[in-house]
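J.: Dropping in structure-v5.cif, with mmCIF, C-alpha atoms.
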```
data_entry
loop_
_atom_site.label_atom_id
_atom_site.label_comp_id
_atom_site.auth_asym_id
_atom_site.auth_seq_id
_atom_site.Cartn_x
_atom_site.Cartn_y
_atom_site.Cartn_z
CA MET S 1 -23.52 -16.46 -16.80
CA GLU S 2 -21.84 -13.18 -16.13
CA SER S 3 -21.89 -10.95 -19.19
CA ARG S 4 -18.66 -9.43 -20.52
CA HIS S 5 -18.20 -6.60 -22.96
CA VAL S 6 -15.69 -5.81 -25.66
CA THR S 7 -15.16 -2.53 -27.48
CA PHE S 8 -15.94 -2.04 -31.14
CA GLY S 9 -15.52 1.52 -32.34
CA ASP S 10 -17.20 3.68 -29.74
CA SER S 11 -19.50 1.00 -28.42
CA LYS S 12 -18.98 -1.76 -25.90
CA ILE S 13 -20.72 -4.98 -26.68
CA SER S 14 -21.54 -7.98 -24.55
CA VAL S 15 -20.04 -11.22 -25.75
CA SER S 16 -21.79 -13.22 -23.00
CA ALA S 17 -18.58 -14.82 -21.87
CA PRO S 18 -17.44 -14.80 -18.26
CA LYS S 19 -14.13 -13.21 -17.40
CA GLN S 20 -12.66 -16.60 -16.65
CA ASN S 21 -13.67 -17.87 -20.07
CA LEU S 22 -11.92 -15.02 -21.85
CA ALA S 23 -8.69 -15.94 -20.05
CA GLN S 24 -9.29 -19.56 -21.03
CA LEU S 25 -9.97 -18.46 -24.59
CA TYR S 26 -6.53 -16.87 -24.74
CA ARG S 27 -4.93 -20.00 -23.21
CA PHE S 28 -6.70 -22.13 -25.81
CA CYS S 29 -5.27 -19.98 -28.61
CA PHE S 30 -1.83 -20.24 -26.99
CA LEU S 31 -2.00 -24.05 -26.80
CA MET S 32 -3.25 -24.30 -30.38
CA LEU S 33 -0.57 -22.01 -31.83
CA GLY S 34 2.37 -22.40 -29.43
CA ASP S 35 3.20 -18.73 -29.82
CA SER S 36 2.12 -15.85 -27.61
CA GLY S 37 2.06 -13.26 -30.42
CA LYS S 38 -0.05 -15.41 -32.74
CA ALA S 39 -2.32 -16.38 -29.85
CA GLN S 40 -2.93 -12.70 -29.02
CA GLU S 41 -3.65 -11.91 -32.64
CA VAL S 42 -6.24 -14.69 -32.97
CA PHE S 43 -7.72 -13.88 -29.54
CA GLN S 44 -8.17 -10.19 -30.39
CA THR S 45 -9.45 -10.90 -33.90
CA THR S 46 -12.00 -13.31 -32.45
CA LEU S 47 -13.27 -10.73 -29.96
CA ARG S 48 -13.32 -7.90 -32.53
CA GLU S 49 -15.29 -10.08 -34.91
CA ALA S 50 -17.65 -10.99 -32.04
CA ALA S 51 -18.16 -7.29 -31.32
CA ARG S 52 -18.81 -6.57 -34.99
CA ARG S 53 -21.34 -9.38 -35.20
CA ALA S 54 -23.01 -8.22 -32.00
CA ALA S 55 -23.38 -4.74 -33.49
CA ASN S 56 -24.69 -5.94 -36.85
CA GLU S 57 -26.48 -9.27 -36.94
CA GLY S 58 -26.37 -10.28 -33.27
CA LEU S 59 -24.46 -13.04 -31.52
CA PRO S 60 -25.13 -16.77 -32.06
CA ASN S 61 -27.45 -18.38 -29.55
CA GLU S 62 -25.01 -21.20 -28.95
CA ARG S 63 -22.81 -22.15 -26.01
CA PHE S 64 -19.04 -21.93 -26.54
CA TRP S 65 -19.41 -20.27 -29.96
CA LEU S 66 -16.47 -18.03 -29.05
CA PHE S 67 -14.22 -21.09 -28.59
CA ARG S 68 -15.51 -22.68 -31.79
CA ASP S 69 -14.79 -19.46 -33.69
CA ALA S 70 -11.33 -19.16 -32.12
CA ARG S 71 -10.56 -22.77 -33.07
CA TRP S 72 -11.23 -22.13 -36.75
CA ARG S 73 -9.12 -19.00 -36.65
CA CYS S 74 -6.27 -20.98 -35.05
CA LEU S 75 -6.57 -23.63 -37.76
CA GLU S 76 -6.53 -20.93 -40.44
CA ALA S 77 -3.57 -19.18 -38.81
CA SER S 78 -1.52 -22.39 -38.63
CA GLU S 79 -2.32 -23.41 -42.21
CA THR S 80 0.36 -21.02 -43.43
CA ASP S 81 2.96 -22.41 -40.97
CA LEU S 82 5.41 -25.14 -41.80
CA GLN S 83 3.69 -28.49 -41.33
CA ALA S 84 5.39 -31.42 -39.67
CA GLU S 85 5.68 -34.50 -41.84
CA PRO S 86 3.48 -37.33 -40.64
CA LEU S 87 5.61 -39.90 -38.85
CA GLU S 88 5.30 -42.57 -36.23
CA ILE S 89 5.59 -40.88 -32.88
CA GLU S 90 7.06 -42.93 -30.11
CA GLU S 91 4.77 -43.75 -27.20
CA GLN S 92 5.51 -44.63 -23.58
CA GLU S 93 3.22 -45.75 -20.78
CA ILE S 94 2.52 -43.11 -18.16
CA THR S 95 4.36 -43.68 -14.93
CA ALA S 96 3.78 -42.54 -11.37
CA GLY S 97 6.63 -40.01 -11.54
CA THR S 98 5.38 -38.18 -14.63
CA ALA S 99 3.86 -35.36 -12.61
CA SER S 100 7.26 -34.30 -11.34
CA GLN S 101 8.62 -34.31 -14.91
CA ILE S 102 5.78 -32.05 -16.02
CA GLU S 103 6.39 -29.68 -13.10
CA ARG S 104 9.83 -28.97 -14.58
CA LEU S 105 8.28 -27.70 -17.81
CA GLU S 106 7.48 -24.14 -18.81
CA PRO S 107 3.98 -23.48 -20.23
CA ILE S 108 5.49 -22.55 -23.59
CA GLN S 109 7.09 -26.00 -23.89
CA LEU S 110 3.71 -27.66 -23.38
CA ALA S 111 2.08 -25.24 -25.84
CA ILE S 112 4.72 -25.95 -28.50
CA TRP S 113 4.25 -29.69 -28.05
CA ILE S 114 0.43 -29.51 -28.28
CA SER S 115 0.50 -27.08 -31.22
CA ALA S 116 2.75 -29.49 -33.11
CA ALA S 117 0.25 -32.34 -32.73
CA PRO S 118 -1.80 -33.20 -35.85
CA GLU S 119 -5.44 -32.15 -36.11
CA PRO S 120 -7.81 -33.05 -34.55
CA GLN S 121 -5.57 -34.32 -31.75
CA ARG S 122 -4.23 -30.79 -31.21
CA THR S 123 -7.76 -29.41 -30.68
CA ALA S 124 -8.75 -32.33 -28.44
CA LEU S 125 -5.70 -31.91 -26.19
CA ALA S 126 -6.02 -28.12 -26.03
CA PHE S 127 -9.69 -28.26 -25.03
CA PHE S 128 -9.17 -31.17 -22.62
CA TYR S 129 -6.34 -29.61 -20.64
CA LEU S 130 -8.09 -26.27 -20.32
CA ASP S 131 -10.19 -28.15 -17.76
CA GLU S 132 -13.16 -26.04 -18.83
CA PHE S 133 -15.35 -28.57 -20.65
CA ASP S 134 -16.65 -32.09 -20.11
CA HIS S 135 -16.05 -34.87 -22.62
CA ARG S 136 -19.32 -34.27 -24.51
CA GLU S 137 -18.55 -30.59 -24.96
CA ILE S 138 -15.02 -31.33 -26.15
CA ALA S 139 -16.32 -33.93 -28.62
CA ASP S 140 -18.82 -31.36 -29.90
CA LEU S 141 -16.27 -28.55 -30.20
CA ALA S 142 -13.65 -30.76 -31.87
CA GLU S 143 -16.31 -32.54 -33.99
CA LEU S 144 -15.31 -35.96 -32.76
CA LYS S 145 -17.02 -39.12 -31.59
CA LEU S 146 -16.39 -40.30 -28.03
CA SER S 147 -14.25 -43.21 -29.24
CA GLU S 148 -12.13 -40.89 -31.40
CA LEU S 149 -11.69 -38.41 -28.56
CA SER S 150 -10.70 -41.23 -26.22
CA ARG S 151 -8.13 -42.60 -28.68
CA LEU S 152 -6.63 -39.16 -29.36
CA LEU S 153 -6.31 -38.29 -25.66
CA ALA S 154 -4.86 -41.64 -24.68
CA GLY S 155 -2.40 -41.48 -27.59
CA GLY S 156 -1.51 -37.91 -26.73
CA ARG S 157 -0.68 -38.84 -23.15
CA ARG S 158 1.61 -41.71 -24.18
CA GLN S 159 3.33 -39.58 -26.84
CA PHE S 160 3.86 -36.74 -24.41
CA GLN S 161 5.27 -39.22 -21.88
CA ALA S 162 7.73 -40.40 -24.52
CA TRP S 163 8.72 -36.81 -25.23
CA LEU S 164 9.15 -36.16 -21.49
CA ASP S 165 11.34 -39.22 -21.16
CA ALA S 166 13.42 -37.98 -24.08
CA THR S 167 13.61 -34.44 -22.68
CA PHE S 168 14.45 -35.52 -19.12
CA PRO S 169 16.33 -38.78 -19.70
CA GLU S 170 17.60 -39.00 -16.13
CA GLY S 171 14.05 -39.78 -15.03
CA PRO S 172 11.72 -38.16 -12.58
CA THR S 173 13.14 -36.20 -9.71
CA VAL S 174 11.89 -36.90 -6.24
CA MET T 1 0.21 -53.45 -10.03
CA LYS T 2 -3.55 -53.16 -9.68
CA THR T 3 -5.62 -53.59 -12.85
CA VAL T 4 -9.37 -53.32 -13.32
CA ARG T 5 -11.44 -54.91 -16.07
CA LEU T 6 -13.41 -52.22 -17.92
CA SER T 7 -15.82 -52.51 -20.81
CA ARG T 8 -14.80 -50.88 -24.09
CA ARG T 9 -17.12 -47.92 -23.49
CA GLN T 10 -15.99 -47.52 -19.88
CA ARG T 11 -12.37 -47.50 -21.03
CA ALA T 12 -13.21 -44.83 -23.62
CA LEU T 13 -14.94 -42.77 -20.97
CA ALA T 14 -12.10 -43.24 -18.47
CA ASN T 15 -9.64 -41.96 -21.08
CA CYS T 16 -11.76 -38.79 -21.34
CA ALA T 17 -12.27 -38.46 -17.58
CA PRO T 18 -12.12 -34.73 -16.77
CA VAL T 19 -9.31 -33.39 -14.66
CA SER T 20 -11.69 -31.82 -12.14
CA GLU T 21 -14.29 -33.98 -10.45
CA GLU T 22 -16.93 -31.25 -10.83
CA ARG T 23 -16.82 -31.64 -14.60
CA ILE T 24 -18.23 -35.17 -14.27
CA ARG T 25 -21.83 -34.39 -15.19
CA ASP T 26 -23.32 -37.66 -16.42
CA ARG T 27 -23.94 -40.98 -14.78
CA SER T 28 -22.02 -43.14 -17.29
CA MET T 29 -18.84 -41.07 -16.83
CA ARG T 30 -19.26 -41.18 -13.04
CA ALA T 31 -19.65 -44.98 -13.14
CA ALA T 32 -16.63 -45.43 -15.42
CA VAL T 33 -14.43 -43.22 -13.25
CA SER T 34 -15.63 -44.93 -10.11
CA ARG T 35 -14.78 -48.35 -11.56
CA ALA T 36 -11.41 -47.26 -13.03
CA ARG T 37 -10.32 -45.48 -9.88
CA GLY T 38 -8.89 -48.63 -8.34
CA SER T 39 -6.34 -49.19 -11.10
CA ASP T 40 -2.75 -47.90 -11.11
CA GLU T 41 -3.10 -46.99 -14.78
CA PHE T 42 -5.98 -44.62 -14.08
CA THR T 43 -4.25 -43.18 -11.01
CA ASN T 44 -1.18 -42.40 -13.14
CA GLN T 45 -3.42 -40.90 -15.84
CA GLN T 46 -5.07 -38.63 -13.31
CA GLY T 47 -1.73 -37.52 -11.89
CA PHE T 48 -0.52 -36.80 -15.43
CA ASP T 49 -3.69 -34.87 -16.32
CA ARG T 50 -3.62 -32.79 -13.14
CA ALA T 51 0.01 -31.83 -13.70
CA VAL T 52 -0.64 -30.81 -17.33
CA ALA T 53 -3.80 -28.87 -16.36
CA ALA T 54 -1.82 -27.04 -13.66
CA LEU T 55 0.77 -26.10 -16.29
CA VAL T 56 -2.02 -24.79 -18.54
CA ARG T 57 -3.41 -22.71 -15.69
CA ALA T 58 0.06 -21.23 -15.28
CA ILE T 59 0.00 -19.84 -18.84
CA PRO T 60 0.43 -16.10 -18.29
CA ILE T 61 -2.12 -13.73 -19.82
CA PRO T 62 -0.36 -10.86 -21.63
CA PRO T 63 -1.55 -7.37 -20.59
CA GLU T 64 -2.78 -6.69 -24.15
CA ALA T 65 -5.09 -9.69 -23.93
CA ALA T 66 -6.08 -8.96 -20.33
CA GLU T 67 -7.30 -5.52 -21.38
CA TRP T 68 -10.19 -7.18 -23.13
CA PHE T 69 -11.65 -8.38 -19.89
CA SER T 70 -10.32 -5.75 -17.49
CA GLU T 71 -12.86 -4.04 -15.23
CA ASP T 72 -12.54 -0.58 -16.80
CA LEU T 73 -13.54 -1.96 -20.17
CA THR T 74 -16.37 -4.03 -18.84
CA SER T 75 -18.19 -1.79 -16.42
CA PRO T 76 -21.73 -2.81 -17.32
CA SER T 77 -23.54 -0.07 -15.37
CA LYS T 78 -21.61 2.76 -17.07
CA TRP T 79 -22.25 1.25 -20.46
CA THR T 80 -25.88 0.47 -19.72
CA TRP T 81 -26.82 4.04 -18.81
CA LYS T 82 -25.14 5.59 -21.83
CA LYS T 83 -26.47 2.97 -24.18
CA THR T 84 -29.94 3.16 -22.66
CA ALA T 85 -30.02 6.95 -22.94
CA ARG T 86 -29.09 6.71 -26.63
CA ASN T 87 -31.79 4.16 -27.36
CA PRO T 88 -34.43 5.88 -29.57
CA ALA T 89 -37.30 4.09 -27.87
CA VAL T 90 -36.12 5.16 -24.41
CA LEU T 91 -35.52 8.69 -25.72
CA ALA T 92 -39.07 8.85 -27.15
CA ILE T 93 -40.55 7.55 -23.89
CA GLY T 94 -38.49 10.08 -21.93
CA ILE T 95 -39.73 12.99 -24.08
CA ALA T 96 -43.32 11.76 -23.82
CA VAL T 97 -43.05 11.51 -20.04
CA LEU T 98 -41.61 15.05 -19.89
CA VAL T 99 -44.47 16.41 -22.03
CA ILE T 100 -47.07 14.62 -19.91
CA ALA T 101 -45.39 15.89 -16.75
CA GLY T 102 -45.35 19.43 -18.23
CA VAL T 103 -49.06 19.30 -19.07
CA PHE T 104 -49.81 17.89 -15.64
CA VAL T 105 -47.85 20.66 -13.90
CA PHE T 106 -49.48 23.31 -16.14
CA ASN T 107 -52.95 22.02 -15.26
CA LEU T 108 -52.03 21.73 -11.59
CA VAL T 109 -50.80 25.35 -11.49
CA GLY T 110 -53.98 26.39 -13.31
CA ARG T 111 -56.11 24.49 -10.82
CA LEU T 112 -54.32 26.11 -7.89
CA ASN T 113 -55.84 29.45 -9.00
CA ASP T 114 -59.32 27.98 -9.48
CA PHE T 115 -62.20 28.99 -7.23
CA PRO T 116 -65.96 28.22 -7.22
CA GLY T 117 -67.41 29.87 -10.33
CA SER T 118 -64.08 30.32 -12.14
CA GLY T 119 -65.38 28.29 -15.09
CA THR T 120 -68.39 30.58 -15.54
CA ALA T 121 -66.16 33.65 -15.08
CA ARG T 122 -63.89 32.50 -17.96
CA LYS T 123 -66.90 31.97 -20.21
CA LEU T 124 -68.13 35.45 -19.38
CA LEU T 125 -64.74 36.93 -20.25
CA SER T 126 -65.16 35.40 -23.72
CA ILE T 127 -68.59 37.04 -23.93
CA ALA T 128 -67.06 40.35 -22.81
CA GLY T 129 -64.59 40.16 -25.70
CA SER T 130 -67.36 39.68 -28.27
CA THR T 131 -70.00 42.07 -26.85
CA ARG T 132 -70.81 45.28 -28.74
CA SER T 133 -72.32 48.21 -26.89
CA VAL T 134 -75.37 48.22 -29.18
CA LEU T 135 -76.46 44.91 -27.68
CA LEU T 136 -76.97 46.55 -24.29
CA ASP T 137 -79.80 48.78 -23.16
CA PRO T 138 -78.48 52.32 -22.75
CA VAL T 139 -78.40 53.29 -19.09
CA THR T 140 -76.68 56.28 -17.54
CA GLY T 141 -75.95 56.63 -13.85
CA ASP T 142 -73.84 55.07 -11.16
CA ALA T 143 -73.27 51.32 -11.45
CA GLY T 144 -74.28 50.91 -7.80
CA THR T 145 -77.83 52.07 -8.56
CA LEU T 146 -78.49 49.19 -10.96
CA SER T 147 -79.15 46.77 -8.10
CA ASP T 148 -82.69 48.14 -7.77
CA LEU T 149 -83.23 47.85 -11.54
CA PHE T 150 -82.15 44.20 -11.53
CA PHE T 151 -84.40 43.46 -8.57
CA LEU T 152 -87.46 45.32 -9.72
CA LYS T 153 -87.34 44.56 -13.43
CA HIS T 154 -85.71 41.12 -13.47
CA ARG T 155 -86.33 39.86 -9.89
CA LEU T 156 -82.60 39.30 -9.41
CA GLU T 157 -81.90 39.44 -5.69
CA HIS T 158 -78.48 40.48 -4.33
CA TYR T 159 -77.20 41.45 -7.80
CA ASP T 160 -75.28 44.28 -6.16
CA VAL T 161 -72.23 46.06 -7.57
CA PRO T 162 -69.58 46.15 -4.82
CA ALA T 163 -68.69 49.49 -3.29
CA GLU T 164 -65.30 49.44 -5.07
CA PHE T 165 -67.03 49.85 -8.43
CA ALA T 166 -70.39 51.41 -7.39
CA ASP T 167 -69.48 54.97 -8.46
CA PHE T 168 -68.50 54.12 -12.04
CA GLN T 169 -70.65 55.71 -14.77
CA THR T 170 -72.58 53.15 -16.79
CA ILE T 171 -73.10 53.15 -20.56
CA GLY T 172 -75.54 50.25 -20.75
CA CYS T 173 -76.65 46.97 -19.26
CA ARG T 174 -78.56 43.81 -20.05
CA VAL T 175 -79.72 40.57 -18.45
CA PHE T 176 -79.39 37.32 -20.36
CA GLU T 177 -79.31 33.57 -19.79
CA ASP T 178 -76.13 31.58 -20.41
CA ASP T 179 -75.99 28.02 -21.81
CA GLU T 180 -76.76 26.66 -18.31
CA SER T 181 -79.86 28.86 -18.03
CA GLN T 182 -78.24 31.00 -15.37
CA ARG T 183 -79.34 34.61 -15.40
CA ILE T 184 -76.41 36.94 -15.95
CA ALA T 185 -76.37 40.71 -15.54
CA GLN T 186 -73.88 42.56 -17.75
CA ILE T 187 -72.97 46.23 -17.22
CA TRP T 188 -70.78 48.38 -19.46
CA VAL T 189 -69.05 51.33 -17.79
CA ALA T 190 -67.18 54.27 -19.24
CA GLU T 191 -64.05 53.72 -17.14
CA LYS T 192 -61.49 51.99 -19.41
CA ARG T 193 -64.38 50.33 -21.30
CA MET T 194 -64.67 48.03 -18.33
CA GLN T 195 -67.50 45.48 -18.07
CA PHE T 196 -69.16 44.10 -14.94
CA PHE T 197 -70.86 40.75 -14.67
CA LEU T 198 -73.14 39.50 -11.91
CA PHE T 199 -73.96 35.80 -11.91
CA PRO T 200 -75.11 33.12 -9.46
CA ALA T 201 -72.32 31.59 -7.38
CA GLU T 202 -71.50 27.92 -7.94
CA ARG T 203 -73.52 25.69 -5.67
CA ASP T 204 -72.80 22.45 -3.84
CA ALA T 205 -74.32 19.58 -5.86
CA LYS T 206 -75.66 17.82 -2.73
CA THR T 207 -76.77 20.62 -0.41
CA GLY T 208 -77.46 23.35 -2.97
CA ALA T 209 -75.62 25.84 -0.78
CA ALA T 210 -73.58 28.53 -2.51
CA LEU T 211 -69.84 27.82 -2.47
CA GLN T 212 -68.24 30.86 -0.90
CA PHE T 213 -64.76 32.28 -1.16
CA SER T 214 -63.23 35.37 0.36
CA GLY T 215 -61.62 38.40 -1.31
CA TRP T 216 -60.89 38.92 -4.97
CA ARG T 217 -59.73 36.22 -7.36
CA TYR T 218 -58.34 36.76 -10.82
CA VAL T 219 -59.21 34.87 -14.01
CA HIS T 220 -57.70 35.26 -17.48
CA GLN T 221 -59.15 34.47 -20.87
CA GLU T 222 -58.26 35.56 -24.39
CA GLY T 223 -56.39 38.71 -23.34
CA TRP T 224 -59.02 39.70 -20.82
CA VAL T 225 -58.63 39.75 -17.06
CA GLY T 226 -61.39 39.55 -14.50
CA ALA T 227 -61.46 40.19 -10.73
CA VAL T 228 -64.15 38.11 -9.09
CA THR T 229 -65.70 38.28 -5.62
CA GLU T 230 -68.69 36.54 -4.06
CA ARG T 231 -71.35 38.01 -1.78
CA ASN T 232 -74.72 36.59 -0.73
CA GLY T 233 -74.59 33.75 -3.28
CA VAL T 234 -73.90 36.08 -6.20
CA CYS T 235 -70.55 36.58 -7.91
CA PHE T 236 -69.42 39.94 -9.21
CA MET T 237 -66.72 40.24 -11.86
CA ALA T 238 -65.04 43.39 -13.10
CA ALA T 239 -63.44 42.67 -16.47
CA LEU T 240 -61.22 44.60 -18.85
CA ARG T 241 -58.91 43.86 -21.76
CA GLY T 242 -55.33 43.95 -20.56
CA PRO T 243 -53.06 42.67 -17.83
CA GLU T 244 -53.90 42.00 -14.20
CA LYS T 245 -52.04 45.08 -13.04
CA ASP T 246 -54.63 47.31 -14.77
CA LEU T 247 -57.31 46.02 -12.40
CA MET T 248 -55.20 46.01 -9.26
CA PRO T 249 -55.38 49.77 -8.53
CA TYR T 250 -59.19 49.66 -8.27
CA LEU T 251 -59.14 46.83 -5.79
CA ALA T 252 -56.22 48.27 -3.78
CA THR T 253 -57.89 51.69 -3.50
CA ALA T 254 -61.12 50.09 -2.40
CA LYS T 255 -59.38 48.12 0.36
CA GLN T 256 -57.82 51.28 1.79
#
```
Could you spell out this file's structure in structure tokens?

T.:
Amino acid sequence: MESRHVTFGDSKISVSAPKQNLAQLYRFCFLMLGDSGKAQEVFQTTLREAARRAANEGLPNERFWLFRDARWRCLEASETDLQAEPLEIEEQEITAGTASQIERLEPIQLAIWISAAPEPQRTALAFFYLDEFDHREIADLAELKLSELSRLLAGGRRQFQAWLDATFPEGPTV
Amino acid sequence: MKTVRLSRRQRALANCAPVSEERIRDRSMRAAVSRARGSDEFTNQQGFDRAVAALVRAIPIPPEAAEWFSEDLTSPSKWTWKKTARNPAVLAIGIAVLVIAGVFVFNLVGRLNDFPGSGTARKLLSIAGSTRSVLLDPVTGDAGTLSDLFFLKHRLEHYDVPAEFADFQTIGCRVFEDDESQRIAQIWVAEKRMQFFLFPAERDAKTGAALQFSGWRYVHQEGWVGAVTERNGVCFMAALRGPEKDLMPYLATAKQ
């Protein structure tokens, strides 16, 4: 794995994360928080803390620790936000034309939708659609069993389809 | 509409099927995906997942965040050299290597001036520094005439004072054995309280032949300087306390 470095004071410290993963780390924060400013804040705090730990006690000998750390920071950051009341979310079966509906979206719309999902579905969807991890890694990072992960992803797809149908009521464009 | 019958576990796995094929790393997931692939439901799911993943990939990275993994911040070689140089262990090793190299160069330079018998000559310079005139037998006359004395009294052959120093007036002389049982002739002359030494030239360990060298060679020890030459298997050294330049005029005059 290519080693990356972040600055802390005068020193630059390896965080053992490839360049691609740091971009994905930011995207993860963005999907979790649905806000670019908050995502940047959590992303930078995560890397600063990683640099501080590298300088003092050393970095954890664990894969994806940076993502795990960022996840907890995202959860902490969103604790202070207004929380949606739990309610029955409408679900719709995925259709063949969904892809064209999704193509009409902006990334921020997707991020807002995912960030509004309840935990741990929010984490599961954010990790899954990064297309960076396999199902075991996602289950480990989100602290879920395979059956729970499966249920959350399947439910998330149907709920998102329902939201798409509500957002683009005229149906998919060809 | 095509449907496929899947076990409960296969359905769970198919729901978690990664967007990219290369993320399928275990056999059970591969089998579940392979079985589910024929169904319209799974095809729609994959189309949905690919479209969402493409949207995620399109999330722009703000410049402030990109700075954290930009090349100028992450140049490992630049960092490595600075960091390595600051490392105390590397610093200590570097200093040690420099000291060793310095000692090596010092010894090498010293060895470059070595010649056969230089070790004995240095020991004799130490003796010159500690010798008092009362230890020597009083002898007056030219230094060049002592060759006969050494031969007749001590059976020392070829213990001749070179022509350059033969006319110097002697104060005293003696013959003694050094710690290697070599017989050394020591002469004290009036000129600048100079001392002459005659001693056997260093010999080849295998053949026993005297190791020869041409001209005059200088040695230094404890503030003394000696000019050494070798003739007929015997070395002659003129020694005085002071710098090399004090001896040079005698040798230069002799050459002319």

J.: On this structure, which residues satisfy the PyMOL selection byres ((chain T and resi 42) around 10), written as a PyMOL selection string?

T.: (chain S and resi 94) or (chain T and resi 2-4+11+14-15+17+33+35-41+43-48)

J.: What residues in chain S have any atom no more than 7 Å from chain T when counting all atoms listed in the file, and can you write them as an MDAnalysis selection string?

T.: chainID S and resid 4:6 19 22:23 27 40 94:96 98:99 102:103 107 129:131 133:135 147 150 153:154

J.: For this structure, which residues satisfy the selection - the PyMOL selection byres ((chain S and resi 108) around 9) - when it is evaluated on the file as given? I want them as a list in words.

T.: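 On the file shown, the PyMOL selection byres ((chain S and resi 108) around 9) covers Phe30, Leu31, Gly34, Asp35, Ser36, Leu105, Glu106, Pro107, Gln109, Leu110, Ala111, Ile112 and Trp113 of chain S; Ile59 of chain T.
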
J.: With the file shown as input, list the residues that the PyMOL selection byres ((chain T and resi 203-213) around 12) selects, as a compact mmCIF listing (two decimals) with C-alpha atoms, keeping the file's coordinate frame.

T.:
```txt
# COMPACT_ATOMS: atom_id res chain seq x y z
CA ASP T 114 -59.32 27.98 -9.48
CA PHE T 115 -62.20 28.99 -7.23
CA PRO T 116 -65.96 28.22 -7.22
CA GLY T 117 -67.41 29.87 -10.33
CA SER T 118 -64.08 30.32 -12.14
CA PHE T 199 -73.96 35.80 -11.91
CA PRO T 200 -75.11 33.12 -9.46
CA ALA T 201 -72.32 31.59 -7.38
CA GLU T 202 -71.50 27.92 -7.94
CA SER T 214 -63.23 35.37 0.36
CA GLY T 215 -61.62 38.40 -1.31
CA TRP T 216 -60.89 38.92 -4.97
CA ARG T 217 -59.73 36.22 -7.36
CA VAL T 228 -64.15 38.11 -9.09
CA THR T 229 -65.70 38.28 -5.62
CA GLU T 230 -68.69 36.54 -4.06
CA ARG T 231 -71.35 38.01 -1.78
CA ASN T 232 -74.72 36.59 -0.73
CA GLY T 233 -74.59 33.75 -3.28
CA VAL T 234 -73.90 36.08 -6.20
CA CYS T 235 -70.55 36.58 -7.91
```

J.: Work out how far CA of Leu33 in chain S is from CA of Pro63 in chain T, in Å to one decimal.

T.: 18.5 Å
